[in-house]
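S.K.: To start, I am sharing the structure in question, which I have written as C-alpha cells.
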Amino acid sequence: MTSILTYTFKNLPNTSKWALRFSVRPLSCSSQLRAAPAAQTKSKKTLAKPNIRNIVVVDGVRIPFLQSGTSYKDLMPHDLARAALSGLLHRTSVPKDVVDYIIFGTVIQEVKTSNVAREAALGAGFSDRTPAHTVTMACISANQAMTTGIGLIASGQCDVVVAGGVELMSDVPIRHSRKMRKMMLELNKAKTLGQRLSLISKFRLNFLSPELPAVAEFSTSETMGHSADRLAAAFAVSRLDQDEYALRSHSLAKKAQDEGLLSDVVPFKVPGKDTVTKDNGIRPSSLEQMAKLRPAFIKPYGTVTAANSSFLVTTDGASAMLIMAEEKALAMGYKPKAYLRDFVYVSQDPKDQLLLGPTYATPKVLEKAGLTMSDIDAFEFHEAFSGQILANFKAMDSDWFAQNYMGRKTKVGSPPLEKFNNWGGSLSLGHPFGATGCRLVMAAANRLRKEGGQYGLVAACAAGGQGHAMIVEAYPK
Amino acid sequence: MVASRAIGSLSRATASRMLRCPGYICHNFSGSSALQTRTHINYGVNGDVAVVRINSPNSKVNTLNKELQSEFVEVMNEIWTSDQIRSAVLISSKPGCFIAGADIGMLASCKTPEEATQVSQEGQRMFEKLEKSTKPIVAAISGTCLGGGLELAISCQYRIATKDRKTVLGTPEVLLGILPGAGGTQRLPKMVGVPAAFDMMLTGRNIRADRAKKMGLVDQLVEPLGPGLKPPEERTIEYLEEVAVTFAKGLSDKKISIKRDKGLVEKLMSYAMSIPFVRQQIYKKVEEKVRKQTKGLYPAPLKIIDVVKTGIEQGNDAGYLSESKKFGELAMTKESKALMGLYHGQVLCKKNKFGAPQKEVKHLAILGAGLMGAGIAQVSVDKGLKTILKDATLAGLGRGQQQVFKGLNDKVKKKALTSFERDSIFSNLTGQLDYQGFEKADMVIEAVFEDLSLKHRVLKEVEALIPDHCVFASNTSALPIREIAAVSKRPEKVIGMHYFSPVDKMQLLEIITTEKTSKDTTASAVAVGLKQGKVIIVVKDGPGFYTTRCLAPMMSEVLRILQEGVEPKKLDSLTTNFGFPVGAATLVDEVGVDVAKHVAEDLGKAFGERFGGGSLELLKQMVSRGFLGRKSGKGFYIYQEGVKNKNVNSDMDSILASLKVPPKSDVSSDEDIQYRLLTRFVNEAVLCLQEGILATPAEGDIGAVFGLGFPPCLGGPFRFVDLHGAQKIVDRLRKYEAAYGKQFTPCQLLIDHANSPDRKFCQ
C-alpha cells in the first residue's frame with residue numbers, strides 16, 4: 001500500500017506542476033496567482049517574484065559538529081553525510097523516492113568518495129534512481145549546494161532537492177610526493193624486470209616525504225589565518241575586540257545549546273561509540289585566559305589566535321536540508337520553515353580582500369531583494385575569524401571603502417549586534433568547511449520562527465576571495 | 001635586428017648590473033636652509049616613545065643631506081635630554097622610501113679628499129651617537145633603505161621592515177665607486193658576518209626584507225596590508241609604526257632583548273671567524289676574486305676589503321679612521337666621477353621628456369616571435385600590457401611563446417614570482433598567426449628580419465588594419481627608419497625602437513625619430529619603453545643611428561688588428577682588461593659574423609672611408625666557410641655545448657694568414673691597440689653629437705655603456721673625453737691618423753674641446 005501511496009505522491013505533483021505551467025503561463029496575472037499562498041500576515045512585502053517559483057526549506061538538520069579527532073575520527077566523510085541524510089529523513093518523513101536530486105558540498109575530498117553525495121545517498125537508502133552530485137566552493141560549498149538546488153527547482157527541472165554538506169577533518173588525504181607517484185605509475189607500465197629495476201634504482205629517500213592538503217591559498221600561498229591577521233590590522237581591529245567577539249560567540253552558543261535552541265542538531269549514534277548529541281567545540285573561556293594565547297600566524301605581534309579563529313580547531317560534521325517548490329511542499333502537506341529568496345555570489349582580490357565576501361555580498365543581495373539593512377531581523381554570518389567579522393563590520397560601515405573599493409556611493413552599514421549570530425557561530429559551534437552553509441540558513445530560519453522576524457540574511461566568505469549572501473524569508477505561520 | 005641581439009649581449013655582464021640601484025640620490029636644495037622650522041623631520045610622542053618622522057619636502061624620496069642631518073641631530077638631542085621619552089622610533093612618512101641614501105651633491109661639492117673625509121666623519125659621529133644611545137631606537141623601514149639610509153638603520157638598536165617588494169636594503173656605494181662611509185664598513189660585518197657583509201658591500205646588491213630578516217639585518221618583519229579604512233600604503237606605514245612603537249616600549253621595558261637567536265650555521269660561522277687564520281683566508285679569497293673581476297680598473301672594492309680588514313684586525317678606532325680616509329680618497333677618483341655621472345645619466349634617461357602621450361598604450365602587438373620579438377613581449381606582459389605576439393609560422397610562434405614562458409619561469413625559480421603570478425602574467429600574451437585583434441592595438445612593434453622589403457610589406461599589411469592612433473615601431477639595429485617609413489600612409493606615426501638582446505636583461509632602448517615622427521608618437525614610444533623598465537635614449541635617424549654607428553668603426557679596427565696578426569685571445573684580453581665586458585673577437589662571434597658583415601657593408605657604403613680599416617674580405621670568407629660565430633658553433637672560437645673553455649678555431653689561421661697585413665710597429669703596442677679601438681669609438685660618438693644624431697652627451701654615455709658595454713669605469717665616451725682630456729685623445733688620433741689615414745681624423749667638435757680645455761661635455 002505504501003508503494004501505491006508514494007506512487008501517487010510522485011505523480012501528483014508532476015501533473016499539477018505541468019498543469020500549473022500550462023495554465024499559468026498565458027495569464028498575465030500569474031504572479032498574483034503564484035504569490036497567493038505566500039500572502040503575509042505582516043504588512044511587509046514579500047519577496048515573491050513574478051514567474052519564478054517560490055522555493056521553500058521544509059526543514060534542515062545537522063549532526064553535532066565535533067572537533068576533529070574526537071568521536072567521528074574513525075569514520076569516513078560519507079558516513080557523516082549519511083547520518084545527516086538519515087536525520088533529515090527522520091525529521092521530515094519525506095518519502096525517499098520523492099527526492100528528485102541530491103547535492104552535497106565538500107571541500108577537502110576523500111579521493112575514494114569524490115562524489116560523496118552519491119555514496120552517502122546510496123548508503124542512506126535513497127533510491128538508486130535519484131542522481132546526486134557534489135559541489136565545492138570552499139567554505140560556501142553547502143551554500144553552493146543549496147543554490148544549485150534552487151536553480152534546479154526554479155527552472156522547473158526538479159521539485160524536491162536535498163542539499164547538504166560534509167567535512168571530515170579527522171582524516172585528510174595525504175599523498176605520496178609527485179616524484180613517488182610518478183615512479184609508481186611508471187612501475188605499473190614497466191613490462192620487464194629490467195625496466196622495473198632501473199626504475200627502482202632511481203628511487204631516492206626524499207620521494208617518501210608526503211604531500212599534505214594545502215592549507216594555503218593556491219594563488220597567493222598565504223594561509224587564511226595570516227590573511228585574517230593582515231585584514232584585522234588593515235581595519236585596525238584590536239586583539240581585545242577580537243577576543244571579546246570570540247567570547248560572545250561562545251557564550252551565545254552555550255546559551256542556545258543550554259536552552260535547546262539548536263533544534264537543527266540530530267543525534268548520531270556513532271558505530272562502536274556513544275550517541276553524539278551535542279556540538280563539542282563550545283567553550284566559553286575568560287578574556288584573561290584568551291589574552292594569554294600567543295598569536296598563531298603573524299608572530300610575535302599578530303592578533304589572530306587559536307581562541308579567536310574557527311580554523312585552528314578543525315571540525316567534523318555534516319548537514320542536510322530538504323528544499324522544495326512551494327506548491328509541492330504544500331501539496332505534500334508540509335508546513336515549510338522558510339523561503340529561500342535572492343542570493344548572490346561575489347568574488348574579489350584573494351590576497352588583500354580574501355575574507356571580505358560578506359561586505360561585498362550584503363549590499364548586493366539587499367538591493368536585489370529591494371530590502372535595506374533595517375528590514376533584516378536575523379543576521380547569520382559565517383565566523384571565520386573574530387577579526388574577519390569585525391573587519392567586515394568596519395568595511396560595511398565605511399563610506400570610504402564603499403566608494404573606493406566597491407564602486408558604491410554609500411556604505412551599507414554594519415549589522416546591529418543584537419540581531420547578529422545570536423545563537424553562536426562558526427567560532428563556537430565549529431566550522432566543518434563543506435557543511436557550514438546549511439547550518440547558517442537553518443539558524444536564520446529557526447531564529448526567525450523563534451524570534452518572530454520576517455527576513456534573515458545569511459552571508460559568508462570563502463577561500464579564493466569569494467563570498468555569498470542569501471535572503472531567507474520566514475514562512476508565514 | 002639580429003645585430004642588436006648580439007651587440008646587446010656585450011654589456012650583459014657588468015655594465016647593466018653595476019648601475020641598477022640608486023643608492024645615493026642627488027638632491028640640491030636651494031637657500032631654504034635659512035628657515036629655522038624643521039622641514040625634513042618632525043616628531044611626536046606616543047606615551048614614552050618618540051616617533052621621529054622623516055619626510056623631505058618636494059621629493060619622492062628622503063635623502064641624507066646636510067639639512068636633514070642637522071635637523072636629525074637636533075631632534076635626537078631633544079629626545080635624549082627629555083625625561084618623558086624612554087625610547088624612539090624612526091620612520092619615513094613616504095610610502096616606498098625610508099631613506100634612499102646620502103646626498104651625492106655633498107660629495108660633488110668637495111674639492112679635496114680631506115673635505116670628503118670630513119663628510120664621512122660627520123656621518124660617523126652622528127651614527128656613533130645613535131649606536132651608543134641608552135634609549136633604544138627602533139628603525140621602522142618601509143621602502144628603499146640604501147646607502148646612508150642603511151648605515152643609519154644599522155646604527156639603531158632594532159630594525160623592523162615591511163615585507164614588500166619595495167622594501168630593499170643595500171649598500172650600493174661600490175656602484176658609485178665609493179664605500180659606505182658612515183660606519184657601514186664597520187657595523188655591517190659585525191651584524192651579518194664578514195662574508196655576507198663583503199657580499200653586500202662589494203656587489204651593492206639590493207636585499208629584500210625577508211632575506212634581510214634571515215641574514216639578521218632586520219629583527220622583525222611587518223606584513224604589508226590591504227585596503228582597510230584608508231589606502232593600503234598609508235595604513236601599512238601606520239601599522240608599521242604601531243608595531244615599532246610596541247617593540248620600542250618592549251625594549252625600554254627590557255621585555256624584549258636586542259640579542260638575536262643565532263642558528264647553528266651562524267654560530268659555526270662566527271666561531272670560524274674568530275680564528276685569525278680563517279679570516280686571513282677569507283680576505284685573501286675575496287681579494288683574489290675582486291681582482292679577477294675588476295681587473296684592477298675599479299679601486300673601490302679593494303679599498304672596502306681593506307677597510308673591513310682594518311676594523312676587524314685593529315679595532316674600531318682604526319677601522320673608522322681608515323673608512324673615512326679611504327672614503328675621501330675614493331670620492332676624488334676618476335672612476336667614482338665616471339660612475340656617478342652614469343648614475344645621473346641613468347636617472348635622466350628614466351624620464352619622459354616628451355610628456356605624457358595622448359593615449360596610453362594598453363594593447364601592444366609584436367610582429368615576429370624571434371629572440372627580439374619574444375623578448376619585447378616578455379618585458380611587456382609582466383608590466384601588464386596586453387600583448388599580441390604574431391609570427392608567420394606555428395613553429396616560430398611556439399619558440400617565441402616558450403621563450404617568454406621560460407623567462408617568467410626562471411623568475412619563479414629565483415622566487416621573484418610565484419607560479420600563480422607567472423600564469424596570470426602569461427595570460428596577457430596572445431600568440432597568433434593572423435592579424436586578429438590588431439584593430440585594437442595602440443602600438444605595433446615589428447621585429448621581423450632585417451630586410452627592408454619585408455619590413456615594407458608588414459608595414460603596409462598592418463596599416464590596413466590598425467586604428468588611426470596606433471604607433472608603428474620598427475625594431476631594427478641599422479635600417480634607417482625614414483626608409484622604412486617611406487611606404488607608410490602616416491609617417492608621423494612611424495618610429496624606431498632599437499632593443500638590445502637579451503631584451504629582458506639589457507636595460508637600454510634606443511628610440512629613433514625621423515623628421516616626420518610626431519612628438520606624441522615619440523612620447524608614446526618612450527612611455528612604453530619606460531613601462532618596460534628601460535633606460536631610454538632618443539636619437540635622430542641616420543645609418544646605424546647612434547649605437548650601431550659607434551660600434552662599426554671599432555669593429556672595423558678589430559678586423560684590422562686581427563689581420564695584423566694579433567691572436568683573438570690576445571685581443572680579447574686586451575679589450576677586457578680595458579674594461580669592456582666582452583672581448584672584441586668574442587663580440588664578433590656573439591653578434592654573428594654574417595650580421596657584422598651586413599652592417600659593415602651598409603654603414604661602409606653610407607660613411608665611406610671613415611668606416612674602413614680591416615678588410616671586409618675577412619668576414620666574407622668566414623661567412624662562406626660557415627663560421628658565423630656562436631650560433632653556428634664556429635667563429636673565431638669553437639663553441640660546444642657543455643664545454644666551458646672555448647678554444648680558438650684553428651681553421652681561421654689560413655683565412656687570417658691569407659689576409660695578413662704587416663703591423664705598424666709604432667702604433668701596435670698593447671696600449672696603442674686598446675686606444676685604437678677606443679678612440680675610434682669615441683670619435684664617432686662625438687661626431688654623432690656634432691651631427692645632431694645625439695641630443696645630449698649624457699644620452700651618448702648611457703647608450704654606450706648600457707647598450708654596447710663601453711667600460712663603465714670610464715663613464716661613457718663623453719665623460720671619458722672630459723676626464724681624460726680632449727687634447728690627449730686628439731693627440732692619439734693624430735698619431736694613428738698618421739699611420740692609417742682618415743679613419744682616425746678627429747672630428748671638429750673633439751678638436752674644439754681640445755682647443756678650449758675648459759669646455760666639458762658633462763657638467
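Chain labels follow the order of the C-alpha cells: the first chain is A, the next B, and so on; residue numbering restarts at 1 in every chain, and ligands are counted from 1 in their shown order.
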Check every residue of chain A for an atom within 10 Å of chain B, counting only C-alpha atoms, and provide those that qualify as a CSV table (one decimal) with N, CA and C atoms, in the first residue's frame.
M.R.:
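Output file result_6.csv is given in full below:
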```csv
chain,number,residue,atom,x,y,z
A,218,PHE,N,45.9,28.9,-2.9
A,218,PHE,CA,46.8,28.4,-4.0
A,218,PHE,C,47.4,29.6,-4.8
A,219,SER,N,46.6,30.6,-5.0
A,219,SER,CA,47.1,31.7,-5.8
A,219,SER,C,48.1,32.6,-5.1
A,220,THR,N,48.0,32.7,-3.8
A,220,THR,CA,48.9,33.6,-3.1
A,220,THR,C,49.9,32.9,-2.1
A,221,SER,N,49.7,31.6,-1.9
A,221,SER,CA,50.5,30.8,-1.0
A,221,SER,C,50.4,31.4,0.4
A,226,HIS,N,46.8,33.9,8.3
A,226,HIS,CA,47.7,35.0,8.0
A,226,HIS,C,47.0,36.2,7.4
A,227,SER,N,46.2,35.8,6.4
A,227,SER,CA,45.4,36.9,5.7
A,227,SER,C,44.5,37.6,6.7
A,229,ASP,N,44.8,37.9,9.8
A,229,ASP,CA,45.6,38.8,10.7
A,229,ASP,C,45.9,40.1,10.0
A,230,ARG,N,46.3,40.0,8.7
A,230,ARG,CA,46.5,41.3,8.0
A,230,ARG,C,45.3,42.1,7.8
A,231,LEU,N,44.1,41.4,7.6
A,231,LEU,CA,42.9,42.1,7.4
A,231,LEU,C,42.5,42.8,8.7
A,232,ALA,N,42.7,42.1,9.8
A,232,ALA,CA,42.3,42.8,11.1
A,232,ALA,C,43.2,44.0,11.3
A,233,ALA,N,44.5,43.9,10.9
A,233,ALA,CA,45.4,45.0,11.1
A,233,ALA,C,45.0,46.2,10.1
A,234,ALA,N,44.6,45.8,8.9
A,234,ALA,CA,44.2,46.8,7.9
A,234,ALA,C,43.0,47.6,8.4
A,235,PHE,N,42.1,47.0,9.1
A,235,PHE,CA,41.0,47.7,9.7
A,235,PHE,C,41.2,48.1,11.1
A,236,ALA,N,42.4,47.9,11.6
A,236,ALA,CA,42.7,48.3,13.0
A,236,ALA,C,41.8,47.7,14.0
A,298,ILE,N,50.9,35.6,12.6
A,298,ILE,CA,51.9,36.6,12.5
A,298,ILE,C,52.6,36.7,13.9
A,299,LYS,N,53.8,36.1,13.9
A,299,LYS,CA,54.5,36.1,15.2
A,299,LYS,C,55.6,37.2,15.3
A,300,PRO,N,55.8,37.8,16.4
A,300,PRO,CA,55.2,37.6,17.7
A,300,PRO,C,54.1,38.6,18.0
A,301,TYR,N,53.7,39.4,17.0
A,301,TYR,CA,52.9,40.6,17.4
A,301,TYR,C,51.5,40.6,16.8
A,302,GLY,N,51.1,39.5,16.1
A,302,GLY,CA,49.8,39.4,15.4
A,302,GLY,C,48.7,39.4,16.4
A,349,ASP,N,39.7,40.3,-4.7
A,349,ASP,CA,41.1,40.0,-4.6
A,349,ASP,C,41.4,39.0,-3.5
A,351,LYS,N,44.1,38.1,-2.3
A,351,LYS,CA,45.3,38.4,-1.4
A,351,LYS,C,44.8,39.3,-0.2
A,352,ASP,N,44.4,40.5,-0.6
A,352,ASP,CA,44.1,41.5,0.5
A,352,ASP,C,42.7,41.6,0.9
A,353,GLN,N,41.8,40.9,0.1
A,353,GLN,CA,40.4,41.0,0.5
A,353,GLN,C,39.8,39.6,0.6
A,354,LEU,N,40.6,38.7,0.9
A,354,LEU,CA,40.2,37.3,0.9
A,354,LEU,C,38.9,37.1,1.7
A,391,ALA,N,36.3,43.1,10.9
A,391,ALA,CA,36.8,43.9,9.8
A,391,ALA,C,35.7,44.1,8.8
A,392,ASN,N,34.9,43.1,8.6
A,392,ASN,CA,33.7,43.2,7.7
A,392,ASN,C,32.7,44.3,8.2
A,394,LYS,N,33.5,46.8,9.9
A,394,LYS,CA,34.1,48.2,9.7
A,394,LYS,C,34.0,48.5,8.2
A,395,ALA,N,34.2,47.5,7.4
A,395,ALA,CA,34.2,47.8,5.9
A,395,ALA,C,32.8,48.2,5.5
A,397,ASP,N,30.7,49.6,7.3
A,397,ASP,CA,30.3,50.8,7.9
A,397,ASP,C,31.1,52.0,7.4
A,398,SER,N,31.9,51.8,6.3
A,398,SER,CA,32.8,52.8,5.8
A,398,SER,C,32.4,53.3,4.4
A,399,ASP,N,32.1,54.6,4.3
A,399,ASP,CA,31.8,55.2,3.0
A,399,ASP,C,33.0,55.1,2.2
A,400,TRP,N,34.2,55.4,2.8
A,400,TRP,CA,35.4,55.4,2.0
A,400,TRP,C,35.6,54.0,1.3
A,401,PHE,N,35.4,53.0,2.1
A,401,PHE,CA,35.6,51.6,1.5
A,401,PHE,C,34.6,51.4,0.4
A,402,ALA,N,33.4,51.8,0.7
A,402,ALA,CA,32.3,51.5,-0.3
A,402,ALA,C,32.6,52.3,-1.6
A,404,ASN,N,35.7,53.5,-2.7
A,404,ASN,CA,36.9,53.3,-3.3
A,404,ASN,C,37.1,51.8,-3.8
A,405,TYR,N,36.4,50.9,-3.1
A,405,TYR,CA,36.6,49.5,-3.5
A,405,TYR,C,35.4,48.8,-4.0
```
S.K.: Run DSSP on the backbone and grab whatever in stretch 284-385 of chain B lands in helix (DSSP H, G or I); send it over as a PyMOL selection string.
M.R.: chain B and resi 284-294+299-314+316-331+334-348+371-381
S.K.: Ranking A:Trp423, A:Tyr339, A:Phe311, A:Phe268 by minimum distance to A:Met324 and counting only C-alpha atoms, which one comes first?
M.R.: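 Using only C-alpha atoms, the shortest distance to A:Met324 belongs to A:Tyr339.
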S.K.: Measure the distance from atom CA of A:Tyr345 to atom CA of A:Gly149 in Å and round it to one decimal.
M.R.: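 According to the coordinates, atom CA of A:Tyr345 and atom CA of A:Gly149 are separated by 15.0 Å.
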S.K.: Using backbone DSSP assignments, extract all strand (DSSP E or B) residues from stretch 494-658 of chain B; output them as a PyMOL selection string.
M.R.: chain B and resi 494-499+508-513+535-540+629+634+637-638+647-648
S.K.: Those residues with C-alpha atoms, as a short mmCIF file (atom, residue, chain, number, x, y, z; two decimals), in the first residue's frame please?
M.R.:
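The resulting file, result.cif, is shown below:
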```cif
data_model
loop_
_atom_site.label_atom_id
_atom_site.label_comp_id
_atom_site.auth_asym_id
_atom_site.auth_seq_id
_atom_site.Cartn_x
_atom_site.Cartn_y
_atom_site.Cartn_z
CA VAL B 494 56.39 55.59 -37.53
CA ILE B 495 59.32 55.38 -35.14
CA GLY B 496 62.31 53.19 -34.43
CA MET B 497 62.64 51.23 -31.20
CA HIS B 498 66.00 49.55 -31.07
CA TYR B 499 66.08 46.95 -28.30
CA LEU B 508 68.92 50.16 -22.95
CA LEU B 509 66.31 51.15 -25.51
CA GLU B 510 67.37 53.39 -28.36
CA ILE B 511 64.43 55.27 -29.81
CA ILE B 512 64.91 56.71 -33.29
CA THR B 513 62.84 59.56 -34.63
CA VAL B 535 66.74 53.26 -19.83
CA ILE B 536 65.98 55.30 -22.91
CA ILE B 537 67.98 57.43 -25.28
CA VAL B 538 66.19 59.22 -28.08
CA VAL B 539 68.29 59.80 -31.18
CA LYS B 540 67.81 61.13 -34.71
CA GLY B 629 80.03 32.78 -34.67
CA LYS B 634 82.30 28.19 -35.02
CA TYR B 637 86.35 30.33 -31.44
CA ILE B 638 84.73 26.91 -31.33
CA ASN B 647 89.12 27.02 -28.00
CA VAL B 648 90.41 29.08 -30.88
#
```
S.K.: I want to know what sits within 10 Å of A:Pro350, based on only C-alpha atoms, with residues of the same chain fewer than 5 positions away left out; could you give that as a list in words?
M.R.: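 The residues satisfying every condition are Glu217, Phe218, Ser219, Thr220, Glu222, Met224, Ser227, Leu355, Leu356, Ala462, Ala463, Gly464, Gly465 and Gln466 of chain A.
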S.K.: Would you compute the distance between atom CA of B:Leu264 and atom CA of B:Val192? Give it in Å to one decimal.
M.R.: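 Straight-line distance from atom CA of B:Leu264 to atom CA of B:Val192 works out to 14.2 Å.
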S.K.: Using only C-alpha atoms, which residues sit within 10 Å of stretch 450-452 of chain A once same-chain residues fewer than 4 positions away are excluded, as a list in words?
M.R.: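 With the cut-off at 10 Å, the set is Leu261, Asp377, Ala378, Ala444, Ala445, Asn446, Ala474, Pro476 and Lys477 of chain A.
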S.K.: Within 10 Å of stretch 96-103 of chain B, counting only C-alpha atoms, which residues show up once you throw out same-chain ones fewer than 6 positions away? Write them as a compact mmCIF listing (two decimals) with C-alpha atoms, in the first residue's frame, please.
M.R.:
```txt
# COMPACT_ATOMS: atom_id res chain seq x y z
CA CYS B 21 70.21 50.66 -7.87
CA PRO B 22 70.09 54.28 -6.95
CA GLY B 23 71.92 54.34 -3.71
CA TYR B 24 72.63 57.96 -3.47
CA ILE B 25 70.09 60.38 -4.58
CA CYS B 26 71.29 63.75 -5.59
CA HIS B 27 69.20 66.49 -4.29
CA ASN B 28 70.17 70.08 -4.27
CA ARG B 53 59.06 61.01 11.07
CA ILE B 54 61.32 61.73 8.14
CA ASN B 55 59.71 63.47 5.21
CA SER B 56 61.84 65.60 2.91
CA LYS B 60 59.55 61.43 -3.64
CA VAL B 61 62.49 60.19 -1.62
CA ASN B 62 64.28 61.07 1.60
CA THR B 63 67.95 61.83 1.14
CA LEU B 64 70.52 62.28 3.87
CA ASN B 65 71.58 65.80 3.02
CA LYS B 66 73.08 68.46 5.26
CA GLN B 69 71.25 65.61 9.09
CA LEU B 90 62.49 56.31 13.27
CA GLY B 123 78.26 60.80 9.36
CA ALA B 139 64.22 51.87 12.76
CA ALA B 140 60.88 51.19 11.09
CA ILE B 141 61.79 50.59 7.48
CA SER B 142 59.31 50.68 4.66
CA GLY B 143 60.64 51.13 1.14
CA THR B 144 64.18 51.73 -0.03
CA CYS B 145 66.77 51.75 2.70
CA LEU B 146 70.03 52.17 0.87
CA GLY B 147 73.49 53.54 1.38
CA GLY B 148 73.46 56.12 4.16
CA GLY B 149 69.90 55.05 4.96
CA LEU B 150 71.06 51.55 5.72
CA GLU B 151 74.01 52.83 7.72
CA LEU B 152 71.57 54.84 9.81
CA ALA B 153 69.32 51.80 10.28
CA ALA B 161 60.94 46.24 7.97
CA THR B 162 57.87 45.95 5.82
CA ASP B 164 57.03 44.02 0.46
CA ARG B 165 58.85 44.28 -2.84
CA LYS B 166 59.56 47.96 -2.46
CA THR B 167 61.45 47.44 0.75
CA VAL B 168 65.06 46.78 -0.12
CA LEU B 169 68.19 47.23 1.90
CA GLY B 170 71.65 47.57 0.48
CA THR B 171 74.95 49.34 0.24
CA PRO B 172 75.20 50.43 -3.39
CA GLU B 173 78.16 52.75 -2.75
CA PRO B 180 79.88 53.07 2.86
CA GLY B 181 81.46 55.96 4.68
CA ALA B 182 79.31 56.42 7.74
CA GLU B 233 50.15 52.15 1.63
CA ILE B 237 53.02 52.66 7.32
```
S.K.: Determine, counting only C-alpha atoms, which protein, DNA and RNA residues have an atom within 10 Å of an atom of B:Leu394; residues of the same chain fewer than 2 positions away are not included. Present the result as a ChimeraX atom specification.
M.R.: /B:369,390-392,396-400,431-433
S.K.: Taking C-alpha atoms for each residue, export the selection above as an mmCIF file, in the first residue's frame.
M.R.:
```cif
data_model
loop_
_atom_site.group_PDB
_atom_site.id
_atom_site.type_symbol
_atom_site.label_atom_id
_atom_site.label_comp_id
_atom_site.auth_asym_id
_atom_site.auth_seq_id
_atom_site.Cartn_x
_atom_site.Cartn_y
_atom_site.Cartn_z
ATOM 1 C CA ALA B 369 58.353 35.909 -32.391
ATOM 2 C CA LYS B 390 52.349 37.308 -34.116
ATOM 3 C CA ASP B 391 54.588 35.157 -36.219
ATOM 4 C CA ALA B 392 54.353 33.677 -39.679
ATOM 5 C CA GLY B 396 58.387 30.154 -34.809
ATOM 6 C CA LEU B 397 55.493 31.301 -32.669
ATOM 7 C CA GLY B 398 55.820 28.301 -30.356
ATOM 8 C CA ARG B 399 59.518 29.010 -29.877
ATOM 9 C CA GLY B 400 58.727 32.609 -29.010
ATOM 10 C CA GLY B 431 50.127 34.085 -29.636
ATOM 11 C CA GLN B 432 48.717 34.060 -33.138
ATOM 12 C CA LEU B 433 49.489 33.680 -36.807
#
```
S.K.: Out of A:Ser141, A:Thr147, A:Asn308, A:Asn422, which residue has the shortest atom-to-atom distance to A:Ala460 when counting only C-alpha atoms?
M.R.: A:Ser141
S.K.: Which distance in Å separates atom CA of A:Arg62 and atom CA of A:Thr305, to one decimal?
M.R.: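 Computing it gives 27.5 Å between the two atoms.
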